[in-house]
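Asker: What follows is a single structure, and I will ask about it in a moment.
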Amino acid sequence: MREIAGPSFGISAWALVTGVAMIKSGLTLPLAMFMSLAVYAGSAQLAALPLIAAGAPLWVIWATAACMNLRFVIFSAHWRKYFGELPRARRLALMYLTADLNYVLFVRRFPDPKPSPEQLPYLLGSIAWSWLSWQIPALIGIALGDRVPTEWELGFAGVLALLGLAYSTLSGRNSWIAGLVAAAAAVAAVALPLKLNVVVAIAAGVAVGVLLDRGWPVTAEARR
Amino acid sequence: MSSVEALVAIIGLTAITVVTRGFFLLSEREWPLPAWANRGLRYAPLAALAAVIAPEVLLTNGALVEGWRSPRLFAAIAGTAYFWWQRGILGTIVVGTATMLALKLGLGW
């Protein structure tokens with residue numbers, strides 16, 4: 001419990017911002033509450049909000065959120081080594097509630113990737129704590145957001161949260177270039193209908209990143 | 001977007017949470033991820049973030065912000081400065097939002 005108490009303060013602040021942003025992007029009170037309780041994935045929610053506000057098609061909203069959540073796909077390969085033996089319904093329910101923080105703490109506590117009996121109680125305690133430290137402030141944020149005037153544009157706090165997250169995922173020159181290419185493409189292609197600029201930008205950023213990793217562009221020296 | 005559409009969007013987002021978090025625990029048999037997918041996965045979240053953020057900061061109603069009096073632009077610059085100074089996401093939100101509110105409510109931009 002001591003391990004999670006510190007970082008969960010940051011989670012709570014993030015949840016408060018997400019709660020306010022949900023209301024400020026035009027969701028009704030019941031929908032915002034439902035989104036918080038059901039989706040339970042802060043960065044995907046925040047990324048989806050401007051698209052929902054702009055009336056983007058469903059598949060664009062879903063594709064963007066899925067990209068935000070791809071890190072969980074990588075985590076899940078690791079989780080399989082610990083909880084792969086549980087019945088399918090139970091392990092999927094467990095994973096649905098397992099956020100980034102729970103993963104980081106768990107892997108630090110159990111670095112050896114094999115099952116042991118104390119892992120399940122540990123993870124259950126961890127996810128219960130972080131669920132509460134997310135949902136309570138998120139609901140407070142939703143209630144507050146309903147009272148703050150719209151012209152304050154507090155929904156932009158959600159964009160700032162994403163900005164900080166983007167900076168923290170930058171590692172190395174190639175990721176900088178991939179990020180800048182995606183940003184430039186999103187702005188350049190903004191005239192496309194249906195918010196397709198977001199899809200174009202993601203494709204451009206990923207393509208450039210993967211190409212750079214393979215040593216592109218080929219230098220004059222390498223060609224010789 | 002109508003409430004029904006938003007509800008459908010949210011139900012879909014919930015399914016995305018379930019599927020991505022449990023992805024490699026869905027099947028009973030273990031199967032490995034191909035190397036090319038692994039490389040692409042590393043850049044997708046960053047590209048999605050940049051794609052959502054850049055238009056929100058730089059554009060108003062689909063056009064580049066006119067002049068330099070844009071509270072959002074200055075909020076993003078202030079947040080950026082804070083991040084590279086202290087490396088904290090929380091502070092980035094607080095500094096950026098405070099800058100935006102000061103410009104909007106204080107100076108009436």
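Please note that chains go A, B, ... in the order of the structure tokens, that every chain numbers its residues from 1, and that ligands are numbered from 1 in the order shown.
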Output the contact residues of chain B with respect to chain A at a cut-off of 6 Å, based on only C-alpha atoms, as a PyMOL selection string.
Answerer: chain B and resi 1+10+13-14+18+20-25+40+43-48+50-51+54-55+89+93+97
Asker: For the residues in that selection, give me N, CA and C atoms as a PDB file, in the first residue's frame.
Answerer:
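The file below, out-v8.pdb, is the result:
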```
ATOM      1  N   MET B   1     -22.192  15.776 -32.123  1.00  0.00           N
ATOM      2  CA  MET B   1     -22.462  14.344 -31.989  1.00  0.00           C
ATOM      3  C   MET B   1     -23.644  14.127 -31.057  1.00  0.00           C
ATOM      4  N   ILE B  10     -18.597   5.503 -26.646  1.00  0.00           N
ATOM      5  CA  ILE B  10     -18.060   5.144 -25.331  1.00  0.00           C
ATOM      6  C   ILE B  10     -18.069   3.627 -25.139  1.00  0.00           C
ATOM      7  N   LEU B  13     -15.172   2.364 -26.965  1.00  0.00           N
ATOM      8  CA  LEU B  13     -13.930   2.664 -26.247  1.00  0.00           C
ATOM      9  C   LEU B  13     -13.712   1.682 -25.102  1.00  0.00           C
ATOM     10  N   THR B  14     -14.835   1.289 -24.450  1.00  0.00           N
ATOM     11  CA  THR B  14     -14.729   0.304 -23.368  1.00  0.00           C
ATOM     12  C   THR B  14     -14.225  -1.027 -23.922  1.00  0.00           C
ATOM     13  N   VAL B  18     -10.803  -3.256 -22.952  1.00  0.00           N
ATOM     14  CA  VAL B  18     -10.801  -4.691 -22.610  1.00  0.00           C
ATOM     15  C   VAL B  18      -9.857  -5.455 -23.537  1.00  0.00           C
ATOM     16  N   THR B  20      -7.355  -4.350 -25.634  1.00  0.00           N
ATOM     17  CA  THR B  20      -5.921  -4.029 -25.612  1.00  0.00           C
ATOM     18  C   THR B  20      -5.275  -4.510 -24.310  1.00  0.00           C
ATOM     19  N   ARG B  21      -5.944  -4.329 -23.188  1.00  0.00           N
ATOM     20  CA  ARG B  21      -5.318  -4.726 -21.923  1.00  0.00           C
ATOM     21  C   ARG B  21      -5.177  -6.239 -21.823  1.00  0.00           C
ATOM     22  N   GLY B  22      -6.122  -6.962 -22.432  1.00  0.00           N
ATOM     23  CA  GLY B  22      -6.065  -8.416 -22.328  1.00  0.00           C
ATOM     24  C   GLY B  22      -5.564  -9.103 -23.585  1.00  0.00           C
ATOM     25  N   PHE B  23      -4.975  -8.327 -24.511  1.00  0.00           N
ATOM     26  CA  PHE B  23      -4.739  -8.834 -25.861  1.00  0.00           C
ATOM     27  C   PHE B  23      -4.102 -10.214 -25.906  1.00  0.00           C
ATOM     28  N   PHE B  24      -2.969 -10.375 -25.262  1.00  0.00           N
ATOM     29  CA  PHE B  24      -2.257 -11.655 -25.349  1.00  0.00           C
ATOM     30  C   PHE B  24      -2.778 -12.681 -24.344  1.00  0.00           C
ATOM     31  N   LEU B  25      -3.861 -12.332 -23.645  1.00  0.00           N
ATOM     32  CA  LEU B  25      -4.486 -13.310 -22.753  1.00  0.00           C
ATOM     33  C   LEU B  25      -5.823 -13.760 -23.312  1.00  0.00           C
ATOM     34  N   GLY B  40       6.484  -0.972 -34.950  1.00  0.00           N
ATOM     35  CA  GLY B  40       5.415  -0.012 -35.203  1.00  0.00           C
ATOM     36  C   GLY B  40       4.693   0.380 -33.927  1.00  0.00           C
ATOM     37  N   TYR B  43       5.945   3.442 -31.963  1.00  0.00           N
ATOM     38  CA  TYR B  43       5.718   4.816 -32.429  1.00  0.00           C
ATOM     39  C   TYR B  43       4.243   5.207 -32.441  1.00  0.00           C
ATOM     40  N   ALA B  44       3.330   4.237 -32.468  1.00  0.00           N
ATOM     41  CA  ALA B  44       1.907   4.555 -32.618  1.00  0.00           C
ATOM     42  C   ALA B  44       1.363   5.474 -31.515  1.00  0.00           C
ATOM     43  N   PRO B  45       1.659   5.200 -30.232  1.00  0.00           N
ATOM     44  CA  PRO B  45       1.082   6.095 -29.207  1.00  0.00           C
ATOM     45  C   PRO B  45       1.577   7.530 -29.353  1.00  0.00           C
ATOM     46  N   LEU B  46       2.866   7.703 -29.621  1.00  0.00           N
ATOM     47  CA  LEU B  46       3.410   9.048 -29.779  1.00  0.00           C
ATOM     48  C   LEU B  46       2.777   9.751 -30.982  1.00  0.00           C
ATOM     49  N   ALA B  47       2.637   9.023 -32.105  1.00  0.00           N
ATOM     50  CA  ALA B  47       2.042   9.619 -33.301  1.00  0.00           C
ATOM     51  C   ALA B  47       0.588  10.013 -33.035  1.00  0.00           C
ATOM     52  N   ALA B  48      -0.146   9.167 -32.315  1.00  0.00           N
ATOM     53  CA  ALA B  48      -1.545   9.485 -32.000  1.00  0.00           C
ATOM     54  C   ALA B  48      -1.627  10.721 -31.110  1.00  0.00           C
ATOM     55  N   ALA B  50       0.609  13.216 -30.881  1.00  0.00           N
ATOM     56  CA  ALA B  50       0.957  14.399 -31.663  1.00  0.00           C
ATOM     57  C   ALA B  50      -0.184  14.785 -32.596  1.00  0.00           C
ATOM     58  N   ALA B  51      -0.848  13.780 -33.170  1.00  0.00           N
ATOM     59  CA  ALA B  51      -1.929  14.047 -34.126  1.00  0.00           C
ATOM     60  C   ALA B  51      -3.123  14.723 -33.461  1.00  0.00           C
ATOM     61  N   ALA B  54      -1.504  18.647 -31.842  1.00  0.00           N
ATOM     62  CA  ALA B  54      -1.074  19.750 -32.714  1.00  0.00           C
ATOM     63  C   ALA B  54      -2.241  20.598 -33.225  1.00  0.00           C
ATOM     64  N   PRO B  55      -3.308  19.991 -33.779  1.00  0.00           N
ATOM     65  CA  PRO B  55      -4.413  20.852 -34.247  1.00  0.00           C
ATOM     66  C   PRO B  55      -5.096  21.608 -33.108  1.00  0.00           C
ATOM     67  N   ILE B  89       4.539  15.867 -15.544  1.00  0.00           N
ATOM     68  CA  ILE B  89       3.323  16.054 -16.341  1.00  0.00           C
ATOM     69  C   ILE B  89       2.321  16.916 -15.577  1.00  0.00           C
ATOM     70  N   ILE B  93       0.475  20.506 -16.726  1.00  0.00           N
ATOM     71  CA  ILE B  93      -0.955  20.821 -16.778  1.00  0.00           C
ATOM     72  C   ILE B  93      -1.239  22.100 -15.988  1.00  0.00           C
ATOM     73  N   THR B  97      -2.418  25.507 -17.772  1.00  0.00           N
ATOM     74  CA  THR B  97      -3.790  25.954 -17.515  1.00  0.00           C
ATOM     75  C   THR B  97      -3.786  27.336 -16.845  1.00  0.00           C
TER      76      THR B  97
END
```
Asker: If we count only C-alpha atoms and set the cut-off at 8 Å, which residues sit around Met33 of chain A, ignoring sequence neighbours fewer than 4 positions away in its own chain? Please answer as a PyMOL selection string.
Answerer: chain A and resi 29+37+139+142
Asker: The selected residues should be written to file as an mmCIF file, in the first residue's frame (atoms: C-alpha atoms).
Answerer:
```cif
data_model
loop_
_atom_site.group_PDB
_atom_site.id
_atom_site.type_symbol
_atom_site.label_atom_id
_atom_site.label_comp_id
_atom_site.auth_asym_id
_atom_site.auth_seq_id
_atom_site.Cartn_x
_atom_site.Cartn_y
_atom_site.Cartn_z
ATOM 1 C CA LEU A 29 -23.352 14.465 -17.056
ATOM 2 C CA LEU A 37 -16.546 4.274 -15.032
ATOM 3 C CA LEU A 139 -16.380 12.132 -10.661
ATOM 4 C CA ILE A 142 -17.177 15.919 -13.771
#
```
Asker: Mind listing the helix (DSSP H, G or I) residues of chain B, per DSSP on the backbone, as JSON, numbers by chain?
Answerer: {"B": [3, 4, 5, 6, 7, 8, 9, 10, 11, 12, 13, 14, 15, 16, 17, 18, 19, 20, 21, 23, 24, 25, 35, 36, 37, 38, 39, 40, 41, 42, 43, 44, 45, 46, 47, 48, 49, 50, 51, 52, 53, 54, 55, 56, 57, 58, 71, 72, 73, 74, 75, 76, 77, 78, 79, 80, 81, 82, 83, 84, 85, 86, 89, 90, 91, 92, 93, 94, 95, 96, 97, 98, 99, 100, 101, 102, 103, 104, 105, 106]}
Asker: How many Å separate atom CA of Thr99 of chain B from atom CA of Leu73 of chain B?
Answerer: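 Taking atom CA of Thr99 of chain B as the start and atom CA of Leu73 of chain B as the end point, the length is 10.0 Å.
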Asker: Please measure the separation of atom CA of Gly91 of chain B and atom CA of Met22 of chain A, giving the value in Å to one decimal.
Answerer: 20.4 Å
